[in-house]
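*Asks:* The structure under discussion is supplied below as structure tokens; questions concerning it will follow.
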Amino acid sequence: MRMPTETTSVLPALAVIVPTAAAVVVFAVGRTGRYVKEAAALVGLAATVALSLGVAWQTVRGDVLVSFGRQLYADALSGLLVSVVSVVGLLAGVYSAKYMRHEVGASDPAGERRLNSYYGWTLLFVATMLWACLSNNIIMLYVAVEASTIASGLLVAFYWDRRALEAGYKYLMLLTVGITFSLFGCVLIYTAGANILGGPRGLLISDLRSVAGQFSAATVALASAFLIVGFGTKAGIAPFHPWLPDAHAEAPTPISALLSGVMLKVAAYALVRTISLFYPQFSPVALFALGLGMFTMILGDLMALAQDDLKRMLAYSSVSQMGYVLMGFGIGTQLGLYGGLFHLVNHAVGKALLFLAAGAIAYSTGARAISSLGGLARRMPVTSFCFFVGALALSGVPPFSGFQSKLTLLVAGADAGLWWAVVIGIAMSLITLVVLVKAARLVFWGEPRPDSPAVRAKEAPFSLCAVMVVLAVASLGIGLWPQALYRPLSAATASLQTVTGARKTFVAVEGRASGCTNGSWLVGSLYGSGGKQTVPVARR
Amino acid sequence: MSTISPSLIHTLSLMMIFTSFAAVEARNLRHATLAYMAQALLICCLLGAYASQNVALYYWAATALVTKAVLVPWFLWRSTEGSEEETKPVIGFGISAVLVIVLLATMYRFTHAHAGLFINIRGQTVALAETNLAVAFTVFALGLYGILTRRDAVKTVVGLCLLENGVHLSLVSLAPNLKETALAGIATEVVVTVYLLLYIIGGIREKVGTTDTFRLTELHW
């Protein structure tokens with residue numbers, strides 16, 4: 001395996017600066033023309049996608065890009081995350097153009113002002129998430145994660161009615177309190193690291209990796225607890241999740257897609273980036289994360305079962321799916337980390353798709369209560385198809401993307417001898433299937449009541465459908481051709497492997513890896529695309 | 001590098017307990033704001049005292065003066081116009097007084113018994129940091145207590161400000177050599193969060209007619 005080489009590059013810096021500059025443009029001149037704000041936002045988001053994919057392209061090949069004296073640091077894991085954030089951000093932006101004009105009233109001057117604010121904050125939200133994914137400074141990682149909360153606070157309260165204001169208040173208050181705990185964790189790591197490395201190097205996550213093994217067990221336990229509470233709150237990990245269903249349900253739909261699709265992942269990234277420092281020497285940290293992941297999975301699914309509000313049900317489902325991501329990180333083996341990251345990507349695609357489909361339903365019917373809808377499959381065939389794809393994908397049904405990542409996670413659990421986690425994972429996957437397919441059946445099949453808003457529904461506009469179809473195709477494509485993501489995911493896992501190297505090895509296998517055992521067989525057979533591949537092998 | 005005066009640090013730290021208690025317990029929101037402002041000035045003095053170890057703390061002291069002692073109190077003051085009296089809290093003065101004594105004693109014991117968990121910087125005056133941390137954790141816990149037990153949304157923001165002050169005070173003890181960029185980032189985001197929270201609370205007052213959080217019952221489970 002090629003050792004990563006650090007290259008100074010403007011790409012990571014530009015990936016943060018461009019959406020920030022676009023936000024400034026929107027705030028400054030967005031009101032001068034009717035479509036100026038949309039144009040500025042979409043150009044900014046498209047440029048950000050190009051830059052992020054540039055970062056991913058280079059980092060997947062093994063390079064590490066650094067900017068601002070290594071304050072920004074992009075390895076393959078960062079490359080994967082910035083790609084997901086920027087692509088979902090662009091799709092949400094495209095969806096917003098039609099959807100938000102419908103929501104605020106296109107001809108209303110006050111609506112135009114609100115739209116200006118919407119696009120400006122959305123761009124800042126994307127920029128701060130990208131900053132978090134690229135930050136190599138452990139304190140600034142906290143600052144960036146908190147900045148993403150600040151940037152999205154007014155977006156959650158955008159509708160400015162009682163429900164939205166209540167959600168916005170809870171969102172800002174609970175997340176700020178929660179994330180403050182992670183600052184304690186970051187500072188504990190910094191002080192312990194600075195004591196060994198000396199001075200400012202103690203701030204750099206890339207340098208802390210080499211010395212984290214020398215920290216005292218008590219410091220590690222305390223720092224991990226603070227980090228799990230802090231970043232876990234933002235990642236929607238139970239029992240720190242109460243803000244999540246309110247915020248995700250009450251925010252405008254494109255923002256719900258961003259919150260659920262990518263913001264939770266950025267927080268999960270911050271969590272795994274920091275606590276994985278301790279994996280090799282302190283396995284109880286991983287076990288604790290695994291237990292919390294299981295609890296999150298169960299609670300999220302059970303709460304989702306009881307919901308009648310479509311967006312709220314999807315929000316609780318996000319809690320559950322974050323449990324799967326945490327399960328992968330908690331298993332801590334190479335295959336577990338691979339599965340966790342794979343599910344992170346799949347959930348970003350699938351949940352963004354489901355929220356946008358729920359938004360399309362609200363656009364056409366003005367309703368989001370499951371019990372008030374029905375029979376939309378004939379009236380909204382594209383939305384119906386996309387919703388079912390998302391529901392089946394997240395339920396882990398083949399051949400959709402969620403099947404591949406959940407199978408990887410379950411095999412990783414079995415490979416590590418964690419059969420109890422595997423059983424819970426399978427059971428919760430079945431409940432997810434019940435939750436999502438039951439909701440889909442009620443909304444799309446049968447006949448609506450005569451007084452139902454679904455009676456007058458018609459298919460959502462082209463731009464909304466186009467975005468949903470792109471995500472549905474991606475979800476199906478990943479399921480049918482998972483090896484497409486093999487290299488970026490493998491490289492991202494290897495970024496964490498530099499931390500966990502003490503427990504794991506990499507072996508080179510030929511093609512379909514028939515001689516390998518357990519997890520490596522799965523990765524080789526599912527994702528190996530022929531030729532010589534570097535495949536991780538978990539060693540218990 | 002000049003030395004830090006331990007008695008000065010101890011005095012300033014302990015005064016933070018009194019200002020925290022006053023900020024949580026004052027029923028008049030403007031009095032609570034003034035108590036918070038006094039605490040912010042104490043933090044600025046503490047940062048100035050520690051700056052003999054790290055010049056970057058002068059920048060943080062200046063930032064804290066602008067953000068904590070001027071901007072945040074100003075925002076709080078404006079948000080209380082026309083409704084200065086706090087909604088009656090869940091837990092009253094007597095229990096709070098007992099709690100603060102218990103908290104301080106517990107934190108003092110904890111930090112002195114387990115200093116090694118937190119204090120890693122070489123050459124640090126450990127005894128000084130232990131007391132400072134005990135105070136910081138007490139202020140943090142009082143802030144959390146305020147958020148959990150005060151019904152008035154504006155008062156919960158005061159609690160959040162106290163919680164952040166506790167964190168910042170602990171940063172000075174745990175990581176006195178932190179770079180100014182990190183310090184400025186931490187200090188700045190607090191003021192923006194407070195501004196946005198109070199802006200949303202203003203909307204709640206407008207739509208609901210009160211800032212009583214018990215009346216925020218639209219969203220359940």
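Residue numbering restarts at 1 for every chain of the structure tokens, chains are lettered A, B, ... in their displayed order, and ligands are numbered from 1 as they appear.
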Which residues of chain A come within 7 Å of chain B, and what is each one's closest atom pair and distance in Å (one decimal), counting only C-alpha atoms, sorted by chain and residue number, as JSON lines?
*Replies:*
{"residue": "A:Ile139", "atom": "CA", "partner": "B:Ala182", "partner_atom": "CA", "distance": 6.2}
{"residue": "A:Met140", "atom": "CA", "partner": "B:Ala182", "partner_atom": "CA", "distance": 6.1}
{"residue": "A:Val143", "atom": "CA", "partner": "B:Ile186", "partner_atom": "CA", "distance": 6.2}
{"residue": "A:Ala147", "atom": "CA", "partner": "B:Glu189", "partner_atom": "CA", "distance": 6.8}
{"residue": "A:Ile150", "atom": "CA", "partner": "B:Thr193", "partner_atom": "CA", "distance": 6.1}
{"residue": "A:Arg162", "atom": "CA", "partner": "B:Lys207", "partner_atom": "CA", "distance": 6.4}
{"residue": "A:Arg163", "atom": "CA", "partner": "B:Glu218", "partner_atom": "CA", "distance": 5.8}
{"residue": "A:Leu165", "atom": "CA", "partner": "B:Ile204", "partner_atom": "CA", "distance": 6.2}
{"residue": "A:Glu166", "atom": "CA", "partner": "B:Leu216", "partner_atom": "CA", "distance": 6.3}
{"residue": "A:Tyr169", "atom": "CA", "partner": "B:Leu197", "partner_atom": "CA", "distance": 6.4}
{"residue": "A:Leu172", "atom": "CA", "partner": "B:Leu197", "partner_atom": "CA", "distance": 6.8}
{"residue": "A:Leu188", "atom": "CA", "partner": "B:Phe118", "partner_atom": "CA", "distance": 6.4}
{"residue": "A:Thr191", "atom": "CA", "partner": "B:Asn120", "partner_atom": "CA", "distance": 5.7}
{"residue": "A:Ala192", "atom": "CA", "partner": "B:Asn120", "partner_atom": "CA", "distance": 5.5}
{"residue": "A:Asn195", "atom": "CA", "partner": "B:Ile121", "partner_atom": "CA", "distance": 5.5}
{"residue": "A:Ala218", "atom": "CA", "partner": "B:Leu117", "partner_atom": "CA", "distance": 6.3}
{"residue": "A:Thr219", "atom": "CA", "partner": "B:Leu117", "partner_atom": "CA", "distance": 5.3}
{"residue": "A:Asp246", "atom": "CA", "partner": "B:Leu219", "partner_atom": "CA", "distance": 6.7}
*Asks:* Smallest atom-to-atom distance to B:Ala97: which of B:Leu65, B:Leu162, B:Leu142, B:Cys44, using only C-alpha atoms?
*Replies:*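 Ranking B:Leu65, B:Leu162, B:Leu142, B:Cys44 by distance to B:Ala97, first place goes to B:Leu142.
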*Asks:* Might you pull out every residue within 7 Å of B:Thr80, with only C-alpha atoms counted and same-chain residues fewer than 3 positions away left off, and present them as a PyMOL selection string?
*Replies:* chain B and resi 29-30+76-77+83-84
*Asks:* Identify which of the residues B:Phe214, B:Phe110, B:Tyr195, B:Tyr58 lies closest to B:Leu148, counting only C-alpha atoms when measuring atom-to-atom distances.
*Replies:*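 The answer is B:Phe214, which sits nearest to B:Leu148.
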*Asks:* Please give the complete set of residues from stretch 87-319 of chain A that DSSP, run on the backbone, assigns to strand (DSSP E or B), formatted as JSON, numbers by chain.
*Replies:* {"A": [135, 137, 204, 309]}
*Asks:* If I take atom CA of A:Gly198 and atom CA of A:Gly185, how far is one from the other in Å, to one decimal?
*Replies:* 18.6 Å
*Asks:* Go through stretch 23-182 of chain B and collect every residue that DSSP, computed from the backbone, puts in alpha helix (DSSP H); the answer should be as a PyMOL selection string.
*Replies:* chain B and resi 23-25+29-50+56-66+72-79+93-113+115-118+126-149+153-174+180-182
*Asks:* Skipping near chain neighbours, those fewer than 6 positions away, what residues fall within 8 Å of A:Lys406 using only C-alpha atoms, listed as a PDB file with C-alpha atoms, in the first residue's frame?
*Replies:*
ATOM      1  CA  TYR A 324     -26.039   1.361  11.864  1.00  0.00           C
ATOM      2  CA  GLY A 339     -19.437  -0.876   6.308  1.00  0.00           C
ATOM      3  CA  HIS A 343     -23.872   2.963   5.046  1.00  0.00           C
ATOM      4  CA  GLY A 396     -31.769  -3.208   3.228  1.00  0.00           C
TER       5      GLY A 396
END
*Asks:* For stretch 22-29 of chain A, list every protein, DNA or RNA residue within 7 Å, evaluated using only C-alpha atoms, and leave out those in the same chain fewer than 3 positions away; present the list as a PyMOL selection string.
*Replies:* chain A and resi 18-19+32+37+40-41+44+116-117+119-120+123-124
*Asks:* Suppose you want the space between atom CA of B:Asn132 and atom CA of B:Ala113; what is it in Å?
*Replies:*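 These atoms are spaced 13.9 Å apart.
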*Asks:* Which one of B:Leu42, B:Val55, B:Val100, B:Ile9 sits closest to B:Glu25 if you count only C-alpha atoms?
*Replies:*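 Smallest separation from B:Glu25 among the options: B:Val100.
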*Asks:* Using only C-alpha atoms for the distances, tell me which of B:Cys161, B:Val135, B:Tyr59, B:Ser79 is nearest to B:Met15.
*Replies:*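 For B:Met15, the nearest of the candidates is B:Val135.
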*Asks:* With only C-alpha atoms as the basis for distance, which of B:Ala105, B:Ile17, B:Leu8, B:Val191 is at the shortest distance from B:Gly166?
*Replies:* B:Ile17
*Asks:* Just to confirm, what's the straight-line distance from atom CA of A:Leu42 to atom CA of A:Ser256 in Å (one decimal)?
*Replies:* 18.2 Å
*Asks:* Need to verify the contact set: B:Pro73, 8 Å, only C-alpha atoms, exclusion of same-chain residues closer than 2 positions in sequence. Can you return it as a list in words?
*Replies:*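 Non-adjacent residues within range: Thr33, Leu34, Tyr36, Met37, Lys68, Ala69, Val70, Leu71, Phe75, Leu76 and Trp77 of chain B.
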